[in-house]
Structure formats: C-alpha cells, structure tokens
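For reference, the structure discussed in these notes is given below.
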Amino acid sequence: MEELEIIKPDDWHVHFRDNDILKVVVPETTKHFARAIVMPNLTPPILNGKQAIEYKERIIKIIPKTHNFEPLMTIYLTENTNKSELYDSYQEGHVFAAKLYPAGATTNSDSGVRDIKKIMPVLEKMAKVGMPLLIHGEVTHKEIDIFDREKVFIDQNLDFICKELPELKITLEHITTKEATEYVDEGNENLFASITPHHLALNRNSIFVGGIRPHNYCLPILKREKHRKALIKVATNGNRKFFLGTDTAPHLKGDKENACGCAGVFNASYCISILAQIFENYKCLQNLEKFTSINGAQHYGIPINNEKILIKKEKNPILFKKSLSVGCSEIVVFNPEFPVFWKVA
Ligand code: NCD
Ligand code: ZN
C-alpha cells in the first residue's frame with residue numbers, strides 16, 4: 001500500500017502550554033488533528049470554567065485560519081474542586097472533561113489529589129452527568145519504584161474508583177504497561193485508555209543509549225520491551241478500548257538538557273507519520289484509522305470527523321526537522337530513530 005486515506009485524527013491528550021510556547025506548538029497539532037483534549041497543568045493550573053474559557057480563547061487566536069480545529073478544554077481536579085461549578089462548566093459546554101493528577105506525579109502536579117476519597121463526591125457527580133474523567137495513573141509514594149507506579153495505581157486506586165463508580169466514563173491516559181492493557185481490556189465497559197506514539201515506538205533502553213537521553217524522558221516513564229509489545233498489540237489490532245493520546249509535552253531544550261531535566265516528549269510534528277510506520281511494520285495499517293480517528297470519539301460519545309487526510313509512502317525516509325524555535329531557545333522534535341517513510345499529504 002503506497003497511499004492511505006483516513007478520517008482526520010483527534011489527539012485525546014495534548015500539552016499546549018501558554019505564551020511563547022503556545023504560539024509555536026499549536027499549529028503543529030492543528031495541521032493534522034481535528035480536535036484535541038488540552039491538558040490543564042499550566043502554572044498555575046486551570047481550575048475552573050472561567051480559566052478554561054480564557055485559555056481556550058488564547059489557543060483559538062493562534063490556530064492558523066486554514067486549519068479546522070477544536071480545542072476541548074479540561075479542568076484540573078483538586079481536593080477543593082467545587083462539584084456544582086464543575087457541573088455548570090461542563091453543562092454549558094466550556095469544559096469537556098476533568099483531569100485527575102495524583103499530587104506530585106508529573107510536571108506541575110503539586111496541586112493534584114492526595115487522597116482519592118476526598119474527591120469521590122465530585123466523581124459521583126461526574127458519573128451522574130456523563131462527564132469524562134481523565135487519569136494520570138501513577139502513584140507517587142517515594143518507596144514505589146518508578147517503573148511500578150502505574151501498576152500500583154491500578155491496584156490501589158483505579159480498581160477502587162471503577163468498583164465504586166462503574167458508570168463513570170474513565171480514560172486511563174498514556175498507559176505504558178501490559179498490566180494496564182489487560183486491566184482496561186477486561187475491565188468496566190466505561191473504562192478506556194489512551195496510548196502515546198513514543199510508548200509504541202520505544203522501550204526504556206532508549207533513555208540510556210550510549211549516555212543519558214533527556215529527550216526520551218517522559219512520565220509515565222518508558223517501560224520494558226514486553227510492555228511496549230503489549231501496547232502495540234492492543235493499538236494495532238483495532239481494539240475499541242484503546243486510542244491515540246499523543247501526550248505531546250513541549251519543554252525548552254535547556255529545561256530538558258539539565259541536571260534536573262523536565263519530563264515530556266514533543267511529538268506533535270510527525271506523530272501521524274510515525275504511527276503509520278509502526279502500523280505498517282506490524283502489518284496493521286488497516287487499523288490505523290480506528291486508533292487515530294474512531295475509537296476515541298466513540299468512547300467520548302461525539303461524532304467522528306467528516307474531513308479526511310491522505311498519507312503517502314515516500315521512496316526514501318522522510319527528513320525530520322530537529323527543533324522548533326521559541327525566541328532564542330528551541331523545542332526538540334521527537335524522532336524515534338527508525339526510518340519513517342509515511343508523509344501526511
Ligand atoms: C507532561 C508535561 O510535561 O506536562 N510530561 C510528560 O512527561 N508526559 C505531564 C504529563 O502528562 O504527565
Ligand atoms: Zn500529559
């Protein structure tokens with residue numbers, strides 16, 4: 001197959017940031033995606049409908065006129081989130097979902113939730129009205145090994161939420177382990193999961209090839225090959241419970257190449273090309289569209305996109321630009337370091 005037309009993809013998890021970075025990264029997403037769920041972990045975080053509306057306006061100003069794109073806004077849950085305010089902003093259509101960050105789990109998550117039981121009334125309300133809950137599924141206890149944090153979160157927290165509120169629409173975001181694929185696949189009807197291109201492309205060796213590789217450092221951290229294979233299986237076989245959330249997470253180069261480097265991979269620029277290559281490598285190109293453009297919309301109960309995009313296979317591997325300029329700094333673009341022949345036309 002040298003050419004493939006698919007329904008225009010959606011990205012169910014992006015970090016657009018704000019100010020100078022926002023200006024540079026938004027068009028990289030809007031050129032290939034019709035919609036994206038925008039993460040609320042700014043500093044300070046997006047805590048209410050008013051802040052979400054203002055942030056959305058800042059994003060919309062930057063979308064190039066030729067790109068047809070809708071940002072879907074989220075609220076950052078804290079132990080003080082007011083459930084009727086949350087409900088109002090959902091009902092009025094300003095906010096699409098709420099995001100649960102365990103406190104300290106990742107970039108700008110200090111105001112996250114320490115005790116899940118404290119937010120159960122909010123989650124009950126969300127379940128009642130059909131508002132989706134997005135979860136960064138990692139525990140943060142210092143004694144738990146960083147490679148086990150997702151599995152322990154499933155055992156200690158997610159299972160509790162799913163049993164208490166089986167009707168709550170949940171996305172376990174950016175899953176990284178075999179255990180997560182199994183828990184989601186066999187779990188509640190309303191439990192789905194998103195997967196990033198970098199967790200499909202790389203295993204944890206890529207953080208340490210010949211030296212430390214800060215641009216492959218993200219959270220949840222890359223895992224062993226057996227986990228990557230499990231992600232590949234559920235993504236490429238078209239399983240309806242799994243869909244794309246890129247978790248594209250730009251940081252300035254100096255903040256990544258640092259004695260205490262930030263977590264995050266900026267993958268928006270070549271995401272669809274990389275995915276097409278991976279799906280072709282596993283002889284599953286026919287299922288790419290389900291992963292990028294159908295399963296997620298069905299989970300969220302919204303129409304799939306009308307527009308289509310054309311992906312073409314080139315004779316030679318495509319050349320990736322190395323970075324995007326932001327003032328006098330730059331954002332390094334994710335490159336999986338295997339040949340990628342597919343180009344979005
Ligand atoms: C994200 C970020 O930088 O905001 N980083 C990351 O490694 N994915 C935070 C997140 O989604 O966990
Ligand atoms: Zn993220």
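Here, A, B, ... name the chains of the structure tokens in the order displayed, residue numbers run from 1 inside each chain, and ligands are numbered from 1 in the same displayed order.
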What residues have any atom no more than 12 Å from ligand 2 when counting only C-alpha atoms and all ligand atoms, and can you list them as number ranges by chain?
-> A: 11-17, 37-42, 99-101, 105-109, 134-137, 172-175, 194-196, 218-221, 245-250, 263-267
Find the spatial neighbours of region 66-80 of chain A, counting only C-alpha atoms, within a cut-off of 8 Å - ignore same-chain residues fewer than 6 positions away - and output them as a ChimeraX atom specification.
-> /A:30-31,33-41,45-49,52-53,56,59-60,94-101,111-115,118-119
Residues near region 204-217 of chain A, cut-off 10 Å, only C-alpha atoms, skip fewer than 4 positions along chain, as JSON, numbers by chain | {"A": [147, 198, 199, 221, 222, 223, 224, 225, 227, 228, 251, 253, 255, 256, 257, 258, 259, 260, 261, 262, 263, 264, 265, 266, 331, 332, 333, 334, 335, 336, 337]}
Kindly export the residues of the current selection with N, CA and C atoms, as a PDB file, in the first residue's frame.
```
ATOM      1  N   PHE A 147       9.223   2.460  37.900  1.00  0.00           N
ATOM      2  CA  PHE A 147       8.727   1.587  36.824  1.00  0.00           C
ATOM      3  C   PHE A 147       7.459   0.825  37.230  1.00  0.00           C
ATOM      4  N   HIS A 198       5.236   7.650  21.390  1.00  0.00           N
ATOM      5  CA  HIS A 198       6.575   7.287  21.874  1.00  0.00           C
ATOM      6  C   HIS A 198       6.582   6.008  22.695  1.00  0.00           C
ATOM      7  N   HIS A 199       5.472   5.713  23.405  1.00  0.00           N
ATOM      8  CA  HIS A 199       5.436   4.435  24.129  1.00  0.00           C
ATOM      9  C   HIS A 199       5.228   3.243  23.180  1.00  0.00           C
ATOM     10  N   ILE A 221       7.204   6.893  32.705  1.00  0.00           N
ATOM     11  CA  ILE A 221       8.484   6.610  32.064  1.00  0.00           C
ATOM     12  C   ILE A 221       8.343   5.425  31.093  1.00  0.00           C
ATOM     13  N   LEU A 222       9.196   5.389  30.056  1.00  0.00           N
ATOM     14  CA  LEU A 222       9.206   4.252  29.125  1.00  0.00           C
ATOM     15  C   LEU A 222       9.449   2.969  29.919  1.00  0.00           C
ATOM     16  N   LYS A 223       8.878   1.872  29.438  1.00  0.00           N
ATOM     17  CA  LYS A 223       8.972   0.582  30.152  1.00  0.00           C
ATOM     18  C   LYS A 223       9.722  -0.454  29.316  1.00  0.00           C
ATOM     19  N   ARG A 224       9.786  -1.691  29.878  1.00  0.00           N
ATOM     20  CA  ARG A 224      10.458  -2.805  29.201  1.00  0.00           C
ATOM     21  C   ARG A 224       9.799  -3.143  27.860  1.00  0.00           C
ATOM     22  N   GLU A 225      10.569  -3.867  27.028  1.00  0.00           N
ATOM     23  CA  GLU A 225      10.075  -4.276  25.716  1.00  0.00           C
ATOM     24  C   GLU A 225       8.773  -5.080  25.800  1.00  0.00           C
ATOM     25  N   HIS A 227       6.351  -4.722  27.716  1.00  0.00           N
ATOM     26  CA  HIS A 227       5.231  -3.790  27.884  1.00  0.00           C
ATOM     27  C   HIS A 227       4.941  -3.063  26.570  1.00  0.00           C
ATOM     28  N   ARG A 228       6.014  -2.652  25.879  1.00  0.00           N
ATOM     29  CA  ARG A 228       5.815  -1.984  24.583  1.00  0.00           C
ATOM     30  C   ARG A 228       5.050  -2.924  23.637  1.00  0.00           C
ATOM     31  N   HIS A 251       8.918  21.098  26.173  1.00  0.00           N
ATOM     32  CA  HIS A 251       9.716  21.847  27.155  1.00  0.00           C
ATOM     33  C   HIS A 251      10.867  22.477  26.377  1.00  0.00           C
ATOM     34  N   LYS A 253      14.582  23.344  25.290  1.00  0.00           N
ATOM     35  CA  LYS A 253      15.745  22.452  25.259  1.00  0.00           C
ATOM     36  C   LYS A 253      16.557  22.525  26.555  1.00  0.00           C
ATOM     37  N   ASP A 255      15.585  23.202  29.464  1.00  0.00           N
ATOM     38  CA  ASP A 255      14.886  22.591  30.596  1.00  0.00           C
ATOM     39  C   ASP A 255      14.906  21.060  30.514  1.00  0.00           C
ATOM     40  N   LYS A 256      15.176  20.535  29.334  1.00  0.00           N
ATOM     41  CA  LYS A 256      15.302  19.079  29.163  1.00  0.00           C
ATOM     42  C   LYS A 256      16.753  18.649  29.388  1.00  0.00           C
ATOM     43  N   GLU A 257      17.692  19.400  28.778  1.00  0.00           N
ATOM     44  CA  GLU A 257      19.114  19.052  28.882  1.00  0.00           C
ATOM     45  C   GLU A 257      19.663  19.765  30.105  1.00  0.00           C
ATOM     46  N   ASN A 258      19.372  19.207  31.267  1.00  0.00           N
ATOM     47  CA  ASN A 258      19.531  19.929  32.522  1.00  0.00           C
ATOM     48  C   ASN A 258      19.854  18.919  33.608  1.00  0.00           C
ATOM     49  N   ALA A 259      20.516  19.369  34.683  1.00  0.00           N
ATOM     50  CA  ALA A 259      20.823  18.464  35.791  1.00  0.00           C
ATOM     51  C   ALA A 259      19.551  17.885  36.403  1.00  0.00           C
ATOM     52  N   CYS A 260      18.439  18.616  36.268  1.00  0.00           N
ATOM     53  CA  CYS A 260      17.147  18.080  36.713  1.00  0.00           C
ATOM     54  C   CYS A 260      16.153  18.309  35.586  1.00  0.00           C
ATOM     55  N   GLY A 261      16.282  17.505  34.533  1.00  0.00           N
ATOM     56  CA  GLY A 261      15.540  17.741  33.291  1.00  0.00           C
ATOM     57  C   GLY A 261      14.060  17.433  33.419  1.00  0.00           C
ATOM     58  N   CYS A 262      13.245  18.202  32.691  1.00  0.00           N
ATOM     59  CA  CYS A 262      11.785  18.021  32.725  1.00  0.00           C
ATOM     60  C   CYS A 262      11.374  16.769  31.959  1.00  0.00           C
ATOM     61  N   ALA A 263      10.249  16.198  32.386  1.00  0.00           N
ATOM     62  CA  ALA A 263       9.658  15.044  31.694  1.00  0.00           C
ATOM     63  C   ALA A 263       8.765  15.537  30.578  1.00  0.00           C
ATOM     64  N   GLY A 264       8.857  14.905  29.411  1.00  0.00           N
ATOM     65  CA  GLY A 264       7.938  15.254  28.330  1.00  0.00           C
ATOM     66  C   GLY A 264       8.612  15.077  26.986  1.00  0.00           C
ATOM     67  N   VAL A 265       7.862  14.549  26.021  1.00  0.00           N
ATOM     68  CA  VAL A 265       8.346  14.330  24.665  1.00  0.00           C
ATOM     69  C   VAL A 265       7.480  15.176  23.740  1.00  0.00           C
ATOM     70  N   PHE A 266       8.092  15.978  22.898  1.00  0.00           N
ATOM     71  CA  PHE A 266       7.308  16.798  21.964  1.00  0.00           C
ATOM     72  C   PHE A 266       7.177  16.042  20.640  1.00  0.00           C
ATOM     73  N   ILE A 331      12.583  23.920  20.916  1.00  0.00           N
ATOM     74  CA  ILE A 331      11.944  22.705  21.423  1.00  0.00           C
ATOM     75  C   ILE A 331      12.377  21.573  20.505  1.00  0.00           C
ATOM     76  N   VAL A 332      12.982  20.556  21.068  1.00  0.00           N
ATOM     77  CA  VAL A 332      13.477  19.439  20.258  1.00  0.00           C
ATOM     78  C   VAL A 332      12.302  18.540  19.864  1.00  0.00           C
ATOM     79  N   VAL A 333      12.285  18.176  18.575  1.00  0.00           N
ATOM     80  CA  VAL A 333      11.196  17.383  17.999  1.00  0.00           C
ATOM     81  C   VAL A 333      11.506  15.897  18.155  1.00  0.00           C
ATOM     82  N   PHE A 334      10.510  15.137  18.604  1.00  0.00           N
ATOM     83  CA  PHE A 334      10.702  13.690  18.805  1.00  0.00           C
ATOM     84  C   PHE A 334      11.036  12.992  17.493  1.00  0.00           C
ATOM     85  N   ASN A 335      12.091  12.171  17.542  1.00  0.00           N
ATOM     86  CA  ASN A 335      12.493  11.354  16.406  1.00  0.00           C
ATOM     87  C   ASN A 335      12.721   9.943  16.933  1.00  0.00           C
ATOM     88  N   PRO A 336      11.953   8.961  16.443  1.00  0.00           N
ATOM     89  CA  PRO A 336      12.050   7.615  17.020  1.00  0.00           C
ATOM     90  C   PRO A 336      13.303   6.860  16.585  1.00  0.00           C
ATOM     91  N   GLU A 337      14.034   7.458  15.653  1.00  0.00           N
ATOM     92  CA  GLU A 337      15.288   6.886  15.161  1.00  0.00           C
ATOM     93  C   GLU A 337      15.142   5.535  14.506  1.00  0.00           C
TER      94      GLU A 337
END
```
Output as a PyMOL selection string all residues of region 22-188 of chain A that backbone DSSP marks as strand (DSSP E).
-> chain A and resi 35-38+70-76+97-100+133-135+170-172
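The two atoms in question, CA of Tyr282 (chain A) and CA of Pro197 (chain A), are spaced 14.2 Å apart.
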Would you return as a list in words the members of region 164-207 of chain A that DSSP assigns to alpha helix (DSSP H) on this structure's backbone?
-> Glu164, Lys178, Glu179, Ala180, Thr181, Glu182, Tyr183, Val184, Asp185, Glu186, Pro197, His198, His199, Leu200 and Ala201 of chain A
Could the residues in this selection be saved with C-alpha atoms as a short mmCIF file (atom, residue, chain, number, x, y, z; two decimals), in the first residue's frame?
```
data_model
loop_
_atom_site.label_atom_id
_atom_site.label_comp_id
_atom_site.auth_asym_id
_atom_site.auth_seq_id
_atom_site.Cartn_x
_atom_site.Cartn_y
_atom_site.Cartn_z
CA GLU A 164 -17.38 2.36 43.36
CA LYS A 178 0.99 -4.89 29.93
CA GLU A 179 -0.95 -4.82 33.20
CA ALA A 180 -2.74 -1.64 32.14
CA THR A 181 -3.68 -3.12 28.74
CA GLU A 182 -5.15 -6.17 30.49
CA TYR A 183 -6.93 -4.23 33.21
CA VAL A 184 -8.57 -1.92 30.67
CA ASP A 185 -9.36 -4.65 28.14
CA GLU A 186 -11.07 -6.85 30.73
CA PRO A 197 3.36 7.29 19.85
CA HIS A 198 6.58 7.29 21.87
CA HIS A 199 5.44 4.44 24.13
CA LEU A 200 4.61 2.45 20.97
CA ALA A 201 7.97 3.31 19.38
#
```
Residue nearest ligand 1 - candidates A:Pro64, A:Pro102, A:Gly296, A:Pro9, atoms counted: only C-alpha atoms and all ligand atoms =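 The answer is A:Pro102, which sits nearest to ligand 1.
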Separation of CA of His32 (chain A) from CA of Lys308 (chain A) in Å =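 Atom-to-atom, CA of Lys308 (chain A) to CA of His32 (chain A), that is 9.8 Å.
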